[in-house]
Amino acid sequence: MLATLVSVSEGRVVRVRSRNDVFQLLEALKRSRAKRRRERACFVESVAAIDAAIREGWEVLKLVRSAARRPSAWAAGLADRCPRSLIIELDDELMAELSDREETSELVAVVRLPEREPPLPRPSPYAALLLDRPSNPGNLGSALRSADAFGAAPVLIRGHAADPFDPHCIRSSLGAVFSVPLYAERSNSWLDVWLEELRRELPRLQVVGTSPTASLLLPQVDFRRPTVLVMGNERAGMSEWLRGKLDCSAAIPCGGRVDSLNLAAATSVALYELARQRGEVEGRA
C-alpha cells in the first residue's frame, strides 16, 4: 500500500522528522483562525469531513499521514482522488501530536478555502438559518450538520463568532461545512439589506426566532411559508437588534425541569419541525 501511495507521482511526498516549518504550518492551521485566513486553508481531521470536502469539489492541498503506518484502502485511495495534493509523511510522535483524536488519526488533510463566497441561493421553498454570534465551534458544527440534514440554505452567521473552519467545527459538522451554503460574520447593515431584498422577493416571508418565554409554541408556527429561522447566542441569547427583525417568537415545548435547550439541540428541533411540516422527513429514519 505504501508503495502505491508514494508512486502515484514523483516528488509528491515530503518526509518530515522534526517540528520544522512544514509541521509548524500544519499546527498553525489547526489552532489559529488568523493563519487560516492568511493561508486560505483549513485543517480537516475525520474520514467523514475529508470525504465531504472532496465530494463537494473543495481542493485538497495536502494529505498528512504517519510514515510508519500502512495506509488503509481509503487513505491510499485518496492519493488517486486528489492527484495534485502534496503528501506529507510524519514520524509517529509528530502525527500523534498533530492529531486531536484519542486514537491518532490515520490521515488529516489541508483544504483550500474559497477566495470569495458564492452568490446567495434562493431555493424553493425558502428556508434559511441565521445564527446570532455562536461562540462554541462544536455547537456551530452541529447546527451546520442539522442544516444540511433538514435542507436549510443558506446558513448565515451574524457578527464575530466561532470560526466555521475551526477543526472542531468541521469535525462536529461531519463535513457539512463543505456542503451548506455558508456566509460568515455578516454585519447588521448587510443583514438589513438582505432581509429587505428577501421580503420584496418573497412577500409571505417570515422571520422566526425561538424563546423559552414565548406564548406561541413551535408546532403552531406555519413553517410552510418562506422562513428565516433565527437562533440566539448560547449565553446572551438573541440581540435586541435581531429581536426587532422577528415576525414572531416561538417556544420549543419541553416537558422536564429544564425549560430550554442548547444551541445545537434547539436548532435541530426547530429545523426538524420546519422539515416535518413541509413533508420533507416522512419515511426517513
# chains A, B, ... in the order shown; residues from 1 in each chain; ligands from 1
>>> closest_atom_pairs(of="range 183-254 of chain A", to="range 130-138 of chain A", cutoff="10 Å", atoms="only C-alpha atoms", output="Markdown table")
| residue | atom | partner | partner_atom | distance |
| --- | --- | --- | --- | --- |
| A:Tyr183 | CA | A:Leu130 | CA | 9.5 |
| A:Ala184 | CA | A:Leu131 | CA | 9.5 |
| A:Glu185 | CA | A:Arg133 | CA | 8.2 |
| A:Arg186 | CA | A:Asp132 | CA | 9.6 |
| A:Leu191 | CA | A:Leu130 | CA | 9.7 |
| A:Val207 | CA | A:Leu130 | CA | 9.6 |
| A:Val208 | CA | A:Leu130 | CA | 9.9 |
| A:Gly209 | CA | A:Leu130 | CA | 9.4 |
| A:Val228 | CA | A:Leu130 | CA | 6.8 |
| A:Leu229 | CA | A:Leu130 | CA | 6.0 |
| A:Val230 | CA | A:Leu130 | CA | 4.7 |
| A:Met231 | CA | A:Leu131 | CA | 5.1 |
| A:Gly232 | CA | A:Asp132 | CA | 4.9 |
| A:Asn233 | CA | A:Pro134 | CA | 5.1 |
| A:Glu234 | CA | A:Pro134 | CA | 6.5 |
| A:Arg235 | CA | A:Ser135 | CA | 8.8 |
| A:Ala236 | CA | A:Arg133 | CA | 9.3 |
| A:Gly237 | CA | A:Asp132 | CA | 8.0 |
| A:Met238 | CA | A:Asp132 | CA | 6.4 |
| A:Ser239 | CA | A:Asp132 | CA | 7.5 |
| A:Leu242 | CA | A:Asp132 | CA | 8.2 |
>>> write_last_selection(atoms="N, CA and C atoms", output="CSV table (one decimal), in the first residue's frame")
chain,number,residue,atom,x,y,z
A,183,TYR,N,-22.4,31.8,5.0
A,183,TYR,CA,-22.0,33.2,4.9
A,183,TYR,C,-21.7,33.7,6.3
A,184,ALA,N,-20.4,33.9,6.6
A,184,ALA,CA,-19.9,34.1,8.0
A,184,ALA,C,-19.7,35.6,8.3
A,185,GLU,N,-19.9,36.0,9.6
A,185,GLU,CA,-19.6,37.3,10.1
A,185,GLU,C,-20.3,38.4,9.3
A,186,ARG,N,-21.6,38.2,9.1
A,186,ARG,CA,-22.5,39.2,8.5
A,186,ARG,C,-22.7,40.3,9.4
A,191,LEU,N,-27.1,42.4,6.8
A,191,LEU,CA,-28.3,41.6,7.0
A,191,LEU,C,-29.6,42.4,6.8
A,207,VAL,N,-39.8,35.8,9.6
A,207,VAL,CA,-38.6,35.7,10.3
A,207,VAL,C,-38.9,35.2,11.7
A,208,VAL,N,-38.5,34.0,12.1
A,208,VAL,CA,-39.0,33.4,13.3
A,208,VAL,C,-37.8,33.1,14.2
A,209,GLY,N,-37.9,33.5,15.5
A,209,GLY,CA,-36.9,33.2,16.5
A,209,GLY,C,-37.5,32.2,17.5
A,228,VAL,N,-37.0,32.5,7.5
A,228,VAL,CA,-35.7,32.7,8.1
A,228,VAL,C,-35.8,32.3,9.6
A,229,LEU,N,-35.1,31.2,10.0
A,229,LEU,CA,-35.1,30.8,11.4
A,229,LEU,C,-33.9,31.4,12.0
A,230,VAL,N,-34.1,32.1,13.1
A,230,VAL,CA,-33.1,32.8,13.9
A,230,VAL,C,-32.8,32.2,15.2
A,231,MET,N,-31.6,31.8,15.5
A,231,MET,CA,-31.2,31.2,16.7
A,231,MET,C,-30.2,32.1,17.4
A,232,GLY,N,-30.4,32.3,18.7
A,232,GLY,CA,-29.5,33.2,19.5
A,232,GLY,C,-28.3,32.6,20.0
A,233,ASN,N,-27.4,33.5,20.5
A,233,ASN,CA,-26.1,33.1,21.1
A,233,ASN,C,-26.4,32.2,22.3
A,234,GLU,N,-25.4,31.2,22.6
A,234,GLU,CA,-25.5,30.3,23.7
A,234,GLU,C,-25.8,30.9,25.0
A,235,ARG,N,-25.1,32.0,25.3
A,235,ARG,CA,-25.2,32.6,26.7
A,235,ARG,C,-26.1,33.8,26.7
A,236,ALA,N,-25.8,34.7,25.7
A,236,ALA,CA,-26.5,36.0,25.7
A,236,ALA,C,-27.9,36.0,25.0
A,237,GLY,N,-28.2,34.9,24.3
A,237,GLY,CA,-29.4,34.8,23.6
A,237,GLY,C,-29.4,35.7,22.3
A,238,MET,N,-30.5,36.1,21.9
A,238,MET,CA,-30.6,36.9,20.6
A,238,MET,C,-30.4,38.4,20.9
A,239,SER,N,-29.7,39.1,20.1
A,239,SER,CA,-29.5,40.5,20.3
A,239,SER,C,-30.8,41.3,20.1
A,242,LEU,N,-31.7,41.9,16.5
A,242,LEU,CA,-32.3,40.8,15.8
A,242,LEU,C,-33.8,40.6,16.2
>>> residues_around(residues="range 218-223 of chain A", least_positions_apart="6", cutoff="7 Å", atoms="only C-alpha atoms", output="list of chain:residue names")
A:Ala250, A:Ala251, A:Ile252, A:Glu273, A:Leu274, A:Gln277
>>> write_last_selection(atoms="C-alpha atoms", output="mmCIF file, in the first residue's frame")
data_model
loop_
_atom_site.group_PDB
_atom_site.id
_atom_site.type_symbol
_atom_site.label_atom_id
_atom_site.label_comp_id
_atom_site.auth_asym_id
_atom_site.auth_seq_id
_atom_site.Cartn_x
_atom_site.Cartn_y
_atom_site.Cartn_z
ATOM 1 C CA ALA A 250 -41.899 30.501 19.436
ATOM 2 C CA ALA A 251 -41.084 28.223 22.350
ATOM 3 C CA ILE A 252 -39.855 24.667 21.964
ATOM 4 C CA GLU A 273 -40.280 20.847 12.801
ATOM 5 C CA LEU A 274 -39.813 23.019 9.714
ATOM 6 C CA GLN A 277 -44.420 20.498 8.223
#
>>> atom_distance(atom1="CA of Phe43 in chain A", atom2="CA of Val110 in chain A")
4.9 Å
>>> residues_around(residues="range 15-26 of chain A", least_positions_apart="5", cutoff="7 Å", atoms="only C-alpha atoms", output="tab-separated table (two decimals) with C-alpha atoms, in the first residue's frame")
chain	number	residue	atom	x	y	z
A	88	ILE	CA	3.39	14.77	3.93
A	89	GLU	CA	4.70	11.85	5.97
A	90	LEU	CA	5.34	12.50	9.67
A	91	ASP	CA	7.12	10.48	12.31
>>> select_by_dssp(residues="range 125-259 of chain A", states="strand (DSSP E)", output="ChimeraX atom specification")
/A:127-132,155-158,182-186,206-210,227-231,248-250
>>> write_last_selection(atoms="N, CA and C atoms", output="mmCIF file, in the first residue's frame")
data_model
loop_
_atom_site.group_PDB
_atom_site.id
_atom_site.type_symbol
_atom_site.label_atom_id
_atom_site.label_comp_id
_atom_site.auth_asym_id
_atom_site.auth_seq_id
_atom_site.Cartn_x
_atom_site.Cartn_y
_atom_site.Cartn_z
ATOM 1 N N ALA A 127 -35.902 28.302 3.062
ATOM 2 C CA ALA A 127 -35.667 28.069 4.492
ATOM 3 C C ALA A 127 -34.218 28.398 4.797
ATOM 4 N N ALA A 128 -33.984 29.557 5.403
ATOM 5 C CA ALA A 128 -32.631 29.979 5.760
ATOM 6 C C ALA A 128 -32.459 29.881 7.267
ATOM 7 N N LEU A 129 -31.216 29.685 7.693
ATOM 8 C CA LEU A 129 -30.879 29.644 9.112
ATOM 9 C C LEU A 129 -29.923 30.790 9.407
ATOM 10 N N LEU A 130 -30.294 31.619 10.391
ATOM 11 C CA LEU A 130 -29.458 32.747 10.806
ATOM 12 C C LEU A 130 -29.030 32.516 12.252
ATOM 13 N N LEU A 131 -27.724 32.380 12.461
ATOM 14 C CA LEU A 131 -27.169 32.118 13.790
ATOM 15 C C LEU A 131 -26.548 33.402 14.328
ATOM 16 N N ASP A 132 -26.957 33.781 15.529
ATOM 17 C CA ASP A 132 -26.511 35.040 16.116
ATOM 18 C C ASP A 132 -25.289 34.799 16.996
ATOM 19 N N VAL A 155 -27.025 29.256 5.309
ATOM 20 C CA VAL A 155 -26.792 29.484 6.734
ATOM 21 C C VAL A 155 -25.960 30.747 6.854
ATOM 22 N N LEU A 156 -26.451 31.685 7.654
ATOM 23 C CA LEU A 156 -25.753 32.947 7.846
ATOM 24 C C LEU A 156 -25.369 33.092 9.309
ATOM 25 N N ILE A 157 -24.189 33.647 9.548
ATOM 26 C CA ILE A 157 -23.695 33.839 10.904
ATOM 27 C C ILE A 157 -23.533 35.328 11.133
ATOM 28 N N ARG A 158 -24.237 35.833 12.141
ATOM 29 C CA ARG A 158 -24.165 37.272 12.430
ATOM 30 C C ARG A 158 -22.990 37.570 13.340
ATOM 31 N N LEU A 182 -22.707 28.844 3.094
ATOM 32 C CA LEU A 182 -22.383 29.448 4.381
ATOM 33 C C LEU A 182 -21.861 30.864 4.190
ATOM 34 N N TYR A 183 -22.361 31.779 5.028
ATOM 35 C CA TYR A 183 -21.981 33.194 4.935
ATOM 36 C C TYR A 183 -21.665 33.674 6.347
ATOM 37 N N ALA A 184 -20.381 33.870 6.630
ATOM 38 C CA ALA A 184 -19.931 34.128 7.989
ATOM 39 C C ALA A 184 -19.726 35.612 8.264
ATOM 40 N N GLU A 185 -19.853 35.965 9.552
ATOM 41 C CA GLU A 185 -19.569 37.302 10.061
ATOM 42 C C GLU A 185 -20.348 38.396 9.341
ATOM 43 N N ARG A 186 -21.615 38.153 9.119
ATOM 44 C CA ARG A 186 -22.453 39.167 8.467
ATOM 45 C C ARG A 186 -22.736 40.313 9.429
ATOM 46 N N GLN A 206 -41.434 34.986 6.515
ATOM 47 C CA GLN A 206 -41.500 35.226 7.954
ATOM 48 C C GLN A 206 -40.121 35.009 8.577
ATOM 49 N N VAL A 207 -39.795 35.838 9.556
ATOM 50 C CA VAL A 207 -38.552 35.711 10.312
ATOM 51 C C VAL A 207 -38.949 35.242 11.706
ATOM 52 N N VAL A 208 -38.512 34.037 12.063
ATOM 53 C CA VAL A 208 -38.973 33.374 13.282
ATOM 54 C C VAL A 208 -37.792 33.108 14.202
ATOM 55 N N GLY A 209 -37.950 33.493 15.470
ATOM 56 C CA GLY A 209 -36.932 33.179 16.476
ATOM 57 C C GLY A 209 -37.481 32.221 17.508
ATOM 58 N N THR A 210 -36.620 31.696 18.349
ATOM 59 C CA THR A 210 -37.074 30.832 19.435
ATOM 60 C C THR A 210 -36.803 31.511 20.771
ATOM 61 N N THR A 227 -39.215 31.004 5.145
ATOM 62 C CA THR A 227 -38.830 31.250 6.536
ATOM 63 C C THR A 227 -37.346 31.529 6.677
ATOM 64 N N VAL A 228 -37.038 32.496 7.533
ATOM 65 C CA VAL A 228 -35.692 32.657 8.077
ATOM 66 C C VAL A 228 -35.792 32.315 9.556
ATOM 67 N N LEU A 229 -35.125 31.245 9.961
ATOM 68 C CA LEU A 229 -35.117 30.820 11.355
ATOM 69 C C LEU A 229 -33.909 31.423 12.042
ATOM 70 N N VAL A 230 -34.138 32.142 13.145
ATOM 71 C CA VAL A 230 -33.065 32.844 13.853
ATOM 72 C C VAL A 230 -32.824 32.166 15.201
ATOM 73 N N MET A 231 -31.564 31.833 15.459
ATOM 74 C CA MET A 231 -31.186 31.202 16.723
ATOM 75 C C MET A 231 -30.169 32.082 17.434
ATOM 76 N N CYS A 248 -42.188 36.732 14.626
ATOM 77 C CA CYS A 248 -42.732 36.050 15.805
ATOM 78 C C CYS A 248 -41.626 35.267 16.500
ATOM 79 N N SER A 249 -41.878 34.966 17.776
ATOM 80 C CA SER A 249 -41.017 34.072 18.550
ATOM 81 C C SER A 249 -41.843 32.871 18.961
ATOM 82 N N ALA A 250 -41.196 31.723 19.060
ATOM 83 C CA ALA A 250 -41.899 30.501 19.436
ATOM 84 C C ALA A 250 -41.061 29.728 20.443
#
>>> closest_residue(among="A:Pro226, A:Pro154, A:Pro71, A:Gly255", to="Pro119 in chain A", atoms="only C-alpha atoms")
A:Pro154
>>> closest_atom_pairs(of="range 40-103 of chain A", to="range 170-178 of chain A", cutoff="10 Å", atoms="only C-alpha atoms", output="CSV")
residue,atom,partner,partner_atom,distance
A:Cys42,CA,A:Ile170,CA,9.4
A:Phe43,CA,A:Ile170,CA,8.8
A:Val44,CA,A:Ile170,CA,6.9
A:Glu45,CA,A:Arg171,CA,6.7
A:Ser46,CA,A:Arg171,CA,6.4
A:Val47,CA,A:Leu174,CA,8.7
A:Ala48,CA,A:Leu174,CA,5.6
A:Ala49,CA,A:Gly175,CA,3.8
A:Ile50,CA,A:Gly175,CA,7.1
A:Asp51,CA,A:Gly175,CA,7.8
A:Ala52,CA,A:Gly175,CA,5.2
A:Ala53,CA,A:Phe178,CA,5.6
A:Ile54,CA,A:Phe178,CA,8.9
A:Arg55,CA,A:Phe178,CA,9.0
A:Glu56,CA,A:Phe178,CA,6.5
A:Gly57,CA,A:Phe178,CA,8.8
A:Trp58,CA,A:Phe178,CA,7.6
>>> write_last_selection(atoms="N, CA and C atoms", output="PDB file, in the first residue's frame")
ATOM      1  N   CYS A  42      -7.630  25.299   5.541  1.00  0.00           N
ATOM      2  CA  CYS A  42      -8.075  24.794   6.835  1.00  0.00           C
ATOM      3  C   CYS A  42      -7.597  23.367   7.055  1.00  0.00           C
ATOM      4  N   PHE A  43      -7.573  22.969   8.315  1.00  0.00           N
ATOM      5  CA  PHE A  43      -7.087  21.671   8.775  1.00  0.00           C
ATOM      6  C   PHE A  43      -8.296  20.770   8.971  1.00  0.00           C
ATOM      7  N   VAL A  44      -8.336  19.621   8.294  1.00  0.00           N
ATOM      8  CA  VAL A  44      -9.519  18.756   8.322  1.00  0.00           C
ATOM      9  C   VAL A  44      -9.113  17.380   8.843  1.00  0.00           C
ATOM     10  N   GLU A  45      -9.791  16.958   9.920  1.00  0.00           N
ATOM     11  CA  GLU A  45      -9.484  15.675  10.544  1.00  0.00           C
ATOM     12  C   GLU A  45     -10.774  14.894  10.753  1.00  0.00           C
ATOM     13  N   SER A  46     -10.921  13.792  10.094  1.00  0.00           N
ATOM     14  CA  SER A  46     -12.002  12.805  10.186  1.00  0.00           C
ATOM     15  C   SER A  46     -12.328  12.327   8.778  1.00  0.00           C
ATOM     16  N   VAL A  47     -12.623  11.047   8.692  1.00  0.00           N
ATOM     17  CA  VAL A  47     -12.936  10.443   7.397  1.00  0.00           C
ATOM     18  C   VAL A  47     -14.131  11.140   6.760  1.00  0.00           C
ATOM     19  N   ALA A  48     -15.196  11.339   7.552  1.00  0.00           N
ATOM     20  CA  ALA A  48     -16.423  11.924   7.006  1.00  0.00           C
ATOM     21  C   ALA A  48     -16.177  13.320   6.457  1.00  0.00           C
ATOM     22  N   ALA A  49     -15.415  14.136   7.196  1.00  0.00           N
ATOM     23  CA  ALA A  49     -15.181  15.522   6.765  1.00  0.00           C
ATOM     24  C   ALA A  49     -14.292  15.580   5.524  1.00  0.00           C
ATOM     25  N   ILE A  50     -13.250  14.757   5.494  1.00  0.00           N
ATOM     26  CA  ILE A  50     -12.371  14.749   4.322  1.00  0.00           C
ATOM     27  C   ILE A  50     -13.136  14.277   3.089  1.00  0.00           C
ATOM     28  N   ASP A  51     -13.912  13.209   3.251  1.00  0.00           N
ATOM     29  CA  ASP A  51     -14.710  12.718   2.123  1.00  0.00           C
ATOM     30  C   ASP A  51     -15.706  13.773   1.644  1.00  0.00           C
ATOM     31  N   ALA A  52     -16.314  14.508   2.597  1.00  0.00           N
ATOM     32  CA  ALA A  52     -17.283  15.541   2.218  1.00  0.00           C
ATOM     33  C   ALA A  52     -16.614  16.650   1.427  1.00  0.00           C
ATOM     34  N   ALA A  53     -15.422  17.077   1.855  1.00  0.00           N
ATOM     35  CA  ALA A  53     -14.715  18.142   1.136  1.00  0.00           C
ATOM     36  C   ALA A  53     -14.421  17.722  -0.299  1.00  0.00           C
ATOM     37  N   ILE A  54     -13.969  16.492  -0.475  1.00  0.00           N
ATOM     38  CA  ILE A  54     -13.654  16.005  -1.824  1.00  0.00           C
ATOM     39  C   ILE A  54     -14.931  15.863  -2.654  1.00  0.00           C
ATOM     40  N   ARG A  55     -15.955  15.299  -2.048  1.00  0.00           N
ATOM     41  CA  ARG A  55     -17.228  15.098  -2.770  1.00  0.00           C
ATOM     42  C   ARG A  55     -17.806  16.420  -3.251  1.00  0.00           C
ATOM     43  N   GLU A  56     -17.651  17.474  -2.446  1.00  0.00           N
ATOM     44  CA  GLU A  56     -18.221  18.778  -2.793  1.00  0.00           C
ATOM     45  C   GLU A  56     -17.294  19.613  -3.672  1.00  0.00           C
ATOM     46  N   GLY A  57     -16.155  19.051  -4.058  1.00  0.00           N
ATOM     47  CA  GLY A  57     -15.280  19.729  -5.015  1.00  0.00           C
ATOM     48  C   GLY A  57     -14.283  20.705  -4.424  1.00  0.00           C
ATOM     49  N   TRP A  58     -14.045  20.665  -3.097  1.00  0.00           N
ATOM     50  CA  TRP A  58     -13.043  21.543  -2.496  1.00  0.00           C
ATOM     51  C   TRP A  58     -11.652  20.992  -2.793  1.00  0.00           C
TER      52      TRP A  58
END
>>> closest_residue(among="A:Leu29, A:Ala152, A:Leu94, A:Val13", to="Leu63 in chain A", atoms="only C-alpha atoms")
A:Val13
>>> closest_residue(among="A:Arg40, A:Ser124, A:Ala79, A:Pro253", to="Arg278 in chain A", atoms="only C-alpha atoms")
A:Ser124
>>> select_by_dssp(residues="range 159-271 of chain A", states="helix (DSSP H, G or I)", output="ChimeraX atom specification")
/A:167-172,176-178,188-201,218-220,240-243,263-271
>>> decode(residues="range 141-237 of chain A", atoms="C-alpha atoms", output="PDB file, in the first residue's frame")
ATOM      1  CA  GLY A 141     -20.708  22.412  13.670  1.00  0.00           C
ATOM      2  CA  SER A 142     -23.736  20.526  14.990  1.00  0.00           C
ATOM      3  CA  ALA A 143     -26.045  23.313  13.797  1.00  0.00           C
ATOM      4  CA  LEU A 144     -24.490  23.129  10.318  1.00  0.00           C
ATOM      5  CA  ARG A 145     -24.973  19.366  10.338  1.00  0.00           C
ATOM      6  CA  SER A 146     -28.662  19.854  11.148  1.00  0.00           C
ATOM      7  CA  ALA A 147     -28.997  22.497   8.442  1.00  0.00           C
ATOM      8  CA  ASP A 148     -27.614  20.022   5.944  1.00  0.00           C
ATOM      9  CA  ALA A 149     -29.847  17.200   7.216  1.00  0.00           C
ATOM     10  CA  PHE A 150     -33.059  19.246   7.090  1.00  0.00           C
ATOM     11  CA  GLY A 151     -32.400  21.321   3.988  1.00  0.00           C
ATOM     12  CA  ALA A 152     -31.828  24.811   5.433  1.00  0.00           C
ATOM     13  CA  ALA A 153     -29.965  27.008   2.956  1.00  0.00           C
ATOM     14  CA  PRO A 154     -28.260  29.363   3.223  1.00  0.00           C
ATOM     15  CA  VAL A 155     -26.792  29.484   6.734  1.00  0.00           C
ATOM     16  CA  LEU A 156     -25.753  32.947   7.846  1.00  0.00           C
ATOM     17  CA  ILE A 157     -23.695  33.839  10.904  1.00  0.00           C
ATOM     18  CA  ARG A 158     -24.165  37.272  12.430  1.00  0.00           C
ATOM     19  CA  GLY A 159     -21.207  39.164  13.830  1.00  0.00           C
ATOM     20  CA  HIS A 160     -17.993  37.834  15.315  1.00  0.00           C
ATOM     21  CA  ALA A 161     -18.491  34.162  16.137  1.00  0.00           C
ATOM     22  CA  ALA A 162     -16.765  30.800  16.231  1.00  0.00           C
ATOM     23  CA  ASP A 163     -14.848  30.052  13.058  1.00  0.00           C
ATOM     24  CA  PRO A 164     -16.802  27.602  10.863  1.00  0.00           C
ATOM     25  CA  PHE A 165     -13.436  26.322   9.628  1.00  0.00           C
ATOM     26  CA  ASP A 166     -12.139  25.577  13.111  1.00  0.00           C
ATOM     27  CA  PRO A 167     -11.201  21.852  13.109  1.00  0.00           C
ATOM     28  CA  HIS A 168     -13.658  21.171  15.964  1.00  0.00           C
ATOM     29  CA  CYS A 169     -16.482  22.777  13.986  1.00  0.00           C
ATOM     30  CA  ILE A 170     -15.597  20.873  10.816  1.00  0.00           C
ATOM     31  CA  ARG A 171     -15.495  17.564  12.685  1.00  0.00           C
ATOM     32  CA  SER A 172     -18.772  18.240  14.558  1.00  0.00           C
ATOM     33  CA  SER A 173     -20.458  19.116  11.269  1.00  0.00           C
ATOM     34  CA  LEU A 174     -19.385  15.771   9.732  1.00  0.00           C
ATOM     35  CA  GLY A 175     -18.185  17.869   6.821  1.00  0.00           C
ATOM     36  CA  ALA A 176     -21.477  19.751   6.356  1.00  0.00           C
ATOM     37  CA  VAL A 177     -19.435  22.961   6.402  1.00  0.00           C
ATOM     38  CA  PHE A 178     -18.334  21.977   2.879  1.00  0.00           C
ATOM     39  CA  SER A 179     -21.863  21.348   1.545  1.00  0.00           C
ATOM     40  CA  VAL A 180     -24.060  24.004   3.193  1.00  0.00           C
ATOM     41  CA  PRO A 181     -24.037  27.484   1.574  1.00  0.00           C
ATOM     42  CA  LEU A 182     -22.383  29.448   4.381  1.00  0.00           C
ATOM     43  CA  TYR A 183     -21.981  33.194   4.935  1.00  0.00           C
ATOM     44  CA  ALA A 184     -19.931  34.128   7.989  1.00  0.00           C
ATOM     45  CA  GLU A 185     -19.569  37.302  10.061  1.00  0.00           C
ATOM     46  CA  ARG A 186     -22.453  39.167   8.467  1.00  0.00           C
ATOM     47  CA  SER A 187     -22.892  42.717   9.753  1.00  0.00           C
ATOM     48  CA  ASN A 188     -26.208  44.297  10.780  1.00  0.00           C
ATOM     49  CA  SER A 189     -26.147  46.556   7.725  1.00  0.00           C
ATOM     50  CA  TRP A 190     -25.529  43.603   5.388  1.00  0.00           C
ATOM     51  CA  LEU A 191     -28.337  41.611   7.005  1.00  0.00           C
ATOM     52  CA  ASP A 192     -30.684  44.600   6.803  1.00  0.00           C
ATOM     53  CA  VAL A 193     -30.220  44.797   3.037  1.00  0.00           C
ATOM     54  CA  TRP A 194     -30.538  41.022   2.663  1.00  0.00           C
ATOM     55  CA  LEU A 195     -33.795  40.864   4.648  1.00  0.00           C
ATOM     56  CA  GLU A 196     -35.282  43.801   2.745  1.00  0.00           C
ATOM     57  CA  GLU A 197     -34.473  42.132  -0.580  1.00  0.00           C
ATOM     58  CA  LEU A 198     -35.912  38.832   0.634  1.00  0.00           C
ATOM     59  CA  ARG A 199     -39.162  40.460   1.751  1.00  0.00           C
ATOM     60  CA  ARG A 200     -39.547  42.076  -1.665  1.00  0.00           C
ATOM     61  CA  GLU A 201     -38.911  38.774  -3.464  1.00  0.00           C
ATOM     62  CA  LEU A 202     -40.940  36.629  -1.045  1.00  0.00           C
ATOM     63  CA  PRO A 203     -43.969  38.613   0.199  1.00  0.00           C
ATOM     64  CA  ARG A 204     -45.021  35.791   2.575  1.00  0.00           C
ATOM     65  CA  LEU A 205     -41.570  35.582   4.180  1.00  0.00           C
ATOM     66  CA  GLN A 206     -41.500  35.226   7.954  1.00  0.00           C
ATOM     67  CA  VAL A 207     -38.552  35.711  10.312  1.00  0.00           C
ATOM     68  CA  VAL A 208     -38.973  33.374  13.282  1.00  0.00           C
ATOM     69  CA  GLY A 209     -36.932  33.179  16.476  1.00  0.00           C
ATOM     70  CA  THR A 210     -37.074  30.832  19.435  1.00  0.00           C
ATOM     71  CA  SER A 211     -37.564  31.833  23.050  1.00  0.00           C
ATOM     72  CA  PRO A 212     -38.470  29.764  26.138  1.00  0.00           C
ATOM     73  CA  THR A 213     -40.813  32.575  27.280  1.00  0.00           C
ATOM     74  CA  ALA A 214     -42.829  32.846  24.028  1.00  0.00           C
ATOM     75  CA  SER A 215     -46.546  32.103  24.270  1.00  0.00           C
ATOM     76  CA  LEU A 216     -46.593  30.593  20.773  1.00  0.00           C
ATOM     77  CA  LEU A 217     -45.308  27.019  20.537  1.00  0.00           C
ATOM     78  CA  LEU A 218     -43.016  25.929  17.736  1.00  0.00           C
ATOM     79  CA  PRO A 219     -45.535  23.486  16.139  1.00  0.00           C
ATOM     80  CA  GLN A 220     -48.065  26.354  15.928  1.00  0.00           C
ATOM     81  CA  VAL A 221     -45.841  28.297  13.505  1.00  0.00           C
ATOM     82  CA  ASP A 222     -46.735  27.761   9.838  1.00  0.00           C
ATOM     83  CA  PHE A 223     -43.350  26.721   8.500  1.00  0.00           C
ATOM     84  CA  ARG A 224     -44.764  26.042   5.048  1.00  0.00           C
ATOM     85  CA  ARG A 225     -44.208  29.737   4.432  1.00  0.00           C
ATOM     86  CA  PRO A 226     -40.777  31.011   3.290  1.00  0.00           C
ATOM     87  CA  THR A 227     -38.830  31.250   6.536  1.00  0.00           C
ATOM     88  CA  VAL A 228     -35.692  32.657   8.077  1.00  0.00           C
ATOM     89  CA  LEU A 229     -35.117  30.820  11.355  1.00  0.00           C
ATOM     90  CA  VAL A 230     -33.065  32.844  13.853  1.00  0.00           C
ATOM     91  CA  MET A 231     -31.186  31.202  16.723  1.00  0.00           C
ATOM     92  CA  GLY A 232     -29.547  33.209  19.502  1.00  0.00           C
ATOM     93  CA  ASN A 233     -26.133  33.073  21.138  1.00  0.00           C
ATOM     94  CA  GLU A 234     -25.521  30.254  23.667  1.00  0.00           C
ATOM     95  CA  ARG A 235     -25.243  32.579  26.684  1.00  0.00           C
ATOM     96  CA  ALA A 236     -26.503  36.009  25.701  1.00  0.00           C
ATOM     97  CA  GLY A 237     -29.440  34.835  23.587  1.00  0.00           C
TER      98      GLY A 237
END
